[in-house]
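J.: This is the structure I want to talk about, given as structure tokens.
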Amino acid sequence: MRKVARVPLTIAIILFAAFAGFLGLVAVTDYRPATITEIQVDNPQEDVVQIRREITITSFNIGYCGLDKHADFFMDGGTMSRAISPEQTAANIDWVSAFLTEQKSDIYFLQEVDRRSRRSYRTEQYTRFCSDLSEYSGSFATNYRVAWVPVPLADPHGDVYSGIATLSRYRVNSAARYSLPGLYPWIKQLFMLDRCTMESRLPTSDGRQLVLANVHLSAFDEGGVIRAQQLAFLKEYAGRELKSGNFLVIGGDWNHLLSSDPKAKQAEYGDAWPFWLQVLPDDFAIEGFGWAVDETVPSCRTLDRPYDPAANIAVNIDGFLVSPGVEIVSVYGHDLGFENSDHNPVTICIRLGTAPANGTDGD
């Protein structure tokens, strides 16, 4: 009887030791970036941004080229943990690269760009895009690097190396990764993204700088507590750049509803309101700054199921915030039917004028 009783105890000890060892491995290899990290600018370009000339910027969360119309995602109520197949992943990469090449924007903000992750079948997406857009510089900031994400148990998310990328046909004097504030509880944090914004500083023809901030805010923090901290950081950051007299464009995936009438949207969706979607707080306002969002074309769809226009919720969470002195000429959402990503890209056309000095309005 004693020997029989030892069996479950032995199994329990082995399982506990294995779990503790796994946590130890993930903790030891955990990505711990500094608050500010200098980022390498690959393939530097020489052209300087010209004042009063139109500039186009396209923001596109490419969903690691795995969240096409056939996919759902386990953290959004679905079941899938990775792209549907190597072939579909390759097709998505080809399509995204073709879109970027044909669009001919001056600057690209990309989010969820994978680099040999299990979920996207070890594809090297950043290098591919840089190669296909050879007339652009490239900068990459890591925001997700985990040795192994063990869920879902049947087909784990696995090892992940991913981040955000900025491509520019203009000269980039410097690029830096800024860690965004807000942490999950310790064990959960080991497996979650380390959110950041990537800053690129481009010289302008009048001797100032066009500062670009590529952002991808948190998505699955209950109640939006972490997102509130990240917005506070961006507000302080924007105010600092405003006082310096620079031009500033913050763009990307905000993971907040960017709507001129959020109450109407909430009423429209009712019980179907996505659990992860937060409304941009009323107090996130910076005097003189303006939003560029195309509300006629949704930029993101829910991932609780493969895409069905009649069943999925589609919202606007991607867009741009620009400082005084940056004229918004136009903003255009590309209605691509979520064919190759769970996001639609958004393009802004801007023109730099007279930037404010020391927080005062420009001409």
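Here, A, B, ... name the chains of the structure tokens in the order displayed, residue numbers run from 1 inside each chain, and ligands are numbered from 1 in the same displayed order.
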Write out as a PyMOL selection string all residues of region 107-334 of chain A that DSSP puts in helix (DSSP H, G or I) for this structure's backbone.
T.: chain A and resi 118-120+125-132+186-190+222-244+262-272
J.: Would you mind exporting the chosen residues as a short mmCIF file (atom, residue, chain, number, x, y, z; two decimals), in the first residue's frame, restricted to N, CA and C atoms?
T.:
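To be explicit, this is the file written out as selection_24.cif:
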data_model
loop_
_atom_site.label_atom_id
_atom_site.label_comp_id
_atom_site.auth_asym_id
_atom_site.auth_seq_id
_atom_site.Cartn_x
_atom_site.Cartn_y
_atom_site.Cartn_z
N ARG A 118 7.69 30.31 -34.18
CA ARG A 118 6.96 29.09 -34.49
C ARG A 118 5.60 29.39 -35.12
N ARG A 119 4.93 30.43 -34.62
CA ARG A 119 3.57 30.71 -35.04
C ARG A 119 3.49 31.07 -36.52
N SER A 120 4.60 31.54 -37.10
CA SER A 120 4.61 31.91 -38.52
C SER A 120 5.61 31.06 -39.30
N GLN A 125 10.44 37.84 -41.66
CA GLN A 125 9.61 38.81 -42.36
C GLN A 125 10.28 40.17 -42.50
N TYR A 126 10.97 40.61 -41.46
CA TYR A 126 11.60 41.93 -41.52
C TYR A 126 12.64 41.99 -42.63
N THR A 127 13.50 40.99 -42.70
CA THR A 127 14.54 40.96 -43.73
C THR A 127 13.92 40.91 -45.12
N ARG A 128 12.83 40.15 -45.25
CA ARG A 128 12.16 40.05 -46.55
C ARG A 128 11.65 41.42 -47.00
N PHE A 129 10.97 42.13 -46.12
CA PHE A 129 10.42 43.43 -46.51
C PHE A 129 11.53 44.43 -46.81
N CYS A 130 12.59 44.41 -46.03
CA CYS A 130 13.71 45.31 -46.29
C CYS A 130 14.35 45.00 -47.64
N SER A 131 14.43 43.73 -47.98
CA SER A 131 15.01 43.33 -49.25
C SER A 131 14.14 43.76 -50.42
N ASP A 132 12.83 43.57 -50.29
CA ASP A 132 11.93 43.92 -51.39
C ASP A 132 11.76 45.43 -51.54
N TRP A 186 3.68 38.65 -12.38
CA TRP A 186 4.99 38.13 -12.79
C TRP A 186 4.92 36.96 -13.76
N ILE A 187 4.24 35.88 -13.40
CA ILE A 187 4.25 34.70 -14.27
C ILE A 187 3.61 35.03 -15.61
N LYS A 188 2.49 35.72 -15.61
CA LYS A 188 1.83 36.09 -16.86
C LYS A 188 2.73 36.98 -17.70
N GLN A 189 3.45 37.89 -17.06
CA GLN A 189 4.30 38.82 -17.78
C GLN A 189 5.39 38.09 -18.56
N LEU A 190 5.84 36.94 -18.07
CA LEU A 190 6.88 36.17 -18.75
C LEU A 190 6.47 35.79 -20.17
N GLU A 222 -7.04 43.64 -18.67
CA GLU A 222 -8.43 43.80 -18.22
C GLU A 222 -8.67 45.22 -17.70
N GLY A 223 -9.71 45.84 -18.23
CA GLY A 223 -10.06 47.19 -17.81
C GLY A 223 -9.19 48.28 -18.42
N GLY A 224 -8.21 47.89 -19.23
CA GLY A 224 -7.37 48.89 -19.88
C GLY A 224 -6.43 49.61 -18.94
N VAL A 225 -6.08 49.00 -17.80
CA VAL A 225 -5.23 49.67 -16.81
C VAL A 225 -3.84 49.92 -17.37
N ILE A 226 -3.27 48.92 -18.02
CA ILE A 226 -1.94 49.08 -18.59
C ILE A 226 -1.97 50.07 -19.75
N ARG A 227 -3.01 50.00 -20.57
CA ARG A 227 -3.12 50.93 -21.69
C ARG A 227 -3.20 52.37 -21.21
N ALA A 228 -3.85 52.60 -20.07
CA ALA A 228 -3.93 53.96 -19.52
C ALA A 228 -2.53 54.49 -19.19
N GLN A 229 -1.68 53.63 -18.65
CA GLN A 229 -0.30 54.04 -18.35
C GLN A 229 0.47 54.34 -19.64
N GLN A 230 0.23 53.54 -20.66
CA GLN A 230 0.93 53.75 -21.93
C GLN A 230 0.49 55.05 -22.60
N LEU A 231 -0.81 55.35 -22.52
CA LEU A 231 -1.30 56.60 -23.08
C LEU A 231 -0.72 57.81 -22.32
N ALA A 232 -0.60 57.66 -21.01
CA ALA A 232 -0.01 58.75 -20.22
C ALA A 232 1.44 58.99 -20.64
N PHE A 233 2.15 57.91 -20.92
CA PHE A 233 3.53 58.04 -21.39
C PHE A 233 3.57 58.78 -22.72
N LEU A 234 2.69 58.39 -23.66
CA LEU A 234 2.67 59.02 -24.97
C LEU A 234 2.28 60.49 -24.88
N LYS A 235 1.39 60.79 -23.96
CA LYS A 235 0.97 62.19 -23.79
C LYS A 235 2.15 63.03 -23.31
N GLU A 236 2.89 62.52 -22.37
CA GLU A 236 4.07 63.24 -21.86
C GLU A 236 5.13 63.35 -22.96
N TYR A 237 5.32 62.27 -23.69
CA TYR A 237 6.30 62.25 -24.77
C TYR A 237 5.94 63.29 -25.84
N ALA A 238 4.67 63.34 -26.23
CA ALA A 238 4.22 64.29 -27.24
C ALA A 238 4.41 65.72 -26.76
N GLY A 239 4.10 65.98 -25.50
CA GLY A 239 4.27 67.32 -24.96
C GLY A 239 5.72 67.76 -24.99
N ARG A 240 6.61 66.84 -24.72
CA ARG A 240 8.04 67.15 -24.73
C ARG A 240 8.52 67.52 -26.14
N GLU A 241 8.08 66.75 -27.12
CA GLU A 241 8.48 67.04 -28.49
C GLU A 241 7.86 68.35 -28.99
N LEU A 242 6.65 68.63 -28.54
CA LEU A 242 5.99 69.87 -28.92
C LEU A 242 6.80 71.08 -28.45
N LYS A 243 7.29 71.02 -27.23
CA LYS A 243 8.08 72.12 -26.68
C LYS A 243 9.42 72.28 -27.41
N SER A 244 9.91 71.19 -27.99
CA SER A 244 11.20 71.26 -28.68
C SER A 244 11.09 71.91 -30.05
N PRO A 262 -17.89 57.37 -29.88
CA PRO A 262 -17.74 56.05 -29.28
C PRO A 262 -19.01 55.53 -28.62
N LYS A 263 -19.84 56.42 -28.06
CA LYS A 263 -21.07 55.96 -27.42
C LYS A 263 -22.02 55.33 -28.43
N ALA A 264 -22.06 55.90 -29.63
CA ALA A 264 -22.90 55.32 -30.68
C ALA A 264 -22.39 53.95 -31.07
N LYS A 265 -21.07 53.79 -31.12
CA LYS A 265 -20.49 52.50 -31.46
C LYS A 265 -20.80 51.47 -30.38
N GLN A 266 -20.67 51.87 -29.12
CA GLN A 266 -20.97 50.95 -28.03
C GLN A 266 -22.42 50.50 -28.07
N ALA A 267 -23.30 51.44 -28.35
CA ALA A 267 -24.72 51.08 -28.44
C ALA A 267 -24.98 50.15 -29.63
N GLU A 268 -24.27 50.39 -30.73
CA GLU A 268 -24.44 49.58 -31.94
C GLU A 268 -24.02 48.14 -31.68
N TYR A 269 -22.88 47.95 -31.00
CA TYR A 269 -22.37 46.60 -30.79
C TYR A 269 -23.05 45.89 -29.62
N GLY A 270 -23.46 46.64 -28.60
CA GLY A 270 -24.16 46.05 -27.47
C GLY A 270 -23.39 44.91 -26.83
N ASP A 271 -24.06 43.77 -26.67
CA ASP A 271 -23.43 42.60 -26.03
C ASP A 271 -22.31 42.00 -26.88
N ALA A 272 -22.26 42.37 -28.15
CA ALA A 272 -21.21 41.84 -29.03
C ALA A 272 -19.91 42.65 -28.93
#
J.: Which is closest to Gln88 (chain A) among A:Val215, A:Val48, A:Ile107, A:Cys65, if we use only C-alpha atoms?
T.: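 Closest to Gln88 (chain A) of all the choices is A:Cys65.
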J.: Find the residues near region 285-298 of chain A: any atom within 10 Å, counting only C-alpha atoms, skip ones fewer than 3 places away on the same chain, and give them as an MDAnalysis selection string.
T.: chainID A and resid 235:236 238:239 242 248:251 258:260 280:282 301 313:338 343:350 356 359:362
J.: Could you find all residues in region 310-363 of chain A that DSSP calls strand (DSSP E) from the backbone, and write them as number ranges by chain?
T.: A: 314-315, 318-322, 326-333, 346-352
J.: Could you check which of A:Tyr31, A:Phe74, A:Phe247, A:Phe22 is closest to Asp194 (chain A), using only C-alpha atoms?
T.: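 Comparing A:Tyr31, A:Phe74, A:Phe247, A:Phe22 against Asp194 (chain A), the winner is A:Tyr31.
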J.: Contacts of Thr29 (chain A) at 7 Å or less, counting only C-alpha atoms, minus same-chain residues fewer than 3 places along, as a count of residues only?
T.: 3
J.: So which one's closest to Leu167 (chain A), A:Arg53, A:Arg32, A:Lys104, A:Arg195? Using only C-alpha atoms, please.
T.: A:Lys104
J.: Hey, could you make a per-residue contact list for region 35-109 of chain A against region 175-179 of chain A with 7 Å as the cut-off, showing the nearest pair of atoms and its distance in Å to one decimal, counting only C-alpha atoms, sorted by chain and number, as CSV?
T.:
residue,atom,partner,partner_atom,distance
A:Thr35,CA,A:Ser179,CA,5.0
A:Ile36,CA,A:Tyr178,CA,4.7
A:Thr37,CA,A:Arg177,CA,5.0
A:Glu38,CA,A:Ala176,CA,4.4
A:Ile39,CA,A:Ala176,CA,4.9
A:Gln40,CA,A:Ala175,CA,6.8
A:Val41,CA,A:Ala175,CA,6.8
J.: With only C-alpha atoms as the counted atoms, please give the residues lying no more than 12 Å from Asp47 (chain A), apart from itself and same-chain residues fewer than 5 positions off, as a ChimeraX atom specification.
T.: /A:106,135-137,168-173,202-205
J.: For a quick check of understanding, using only C-alpha atoms, which of A:Ala311, A:Met192, A:Ala12, A:Ala219 has the smallest distance to Asp76 (chain A)?
T.: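 Selected residue with least distance to Asp76 (chain A): A:Ala219.
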J.: Between CA of Val96 (chain A) and CA of Leu180 (chain A), measure the distance and give it in Å to one decimal.
T.: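 CA of Leu180 (chain A) lies 27.3 Å from CA of Val96 (chain A).
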J.: When you count only C-alpha atoms, which of these residues is closest to Leu183 (chain A): A:Phe220, A:Trp273, A:Phe140, A:Tyr64?
T.: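 That would be A:Phe220, the residue with the smallest distance to Leu183 (chain A).
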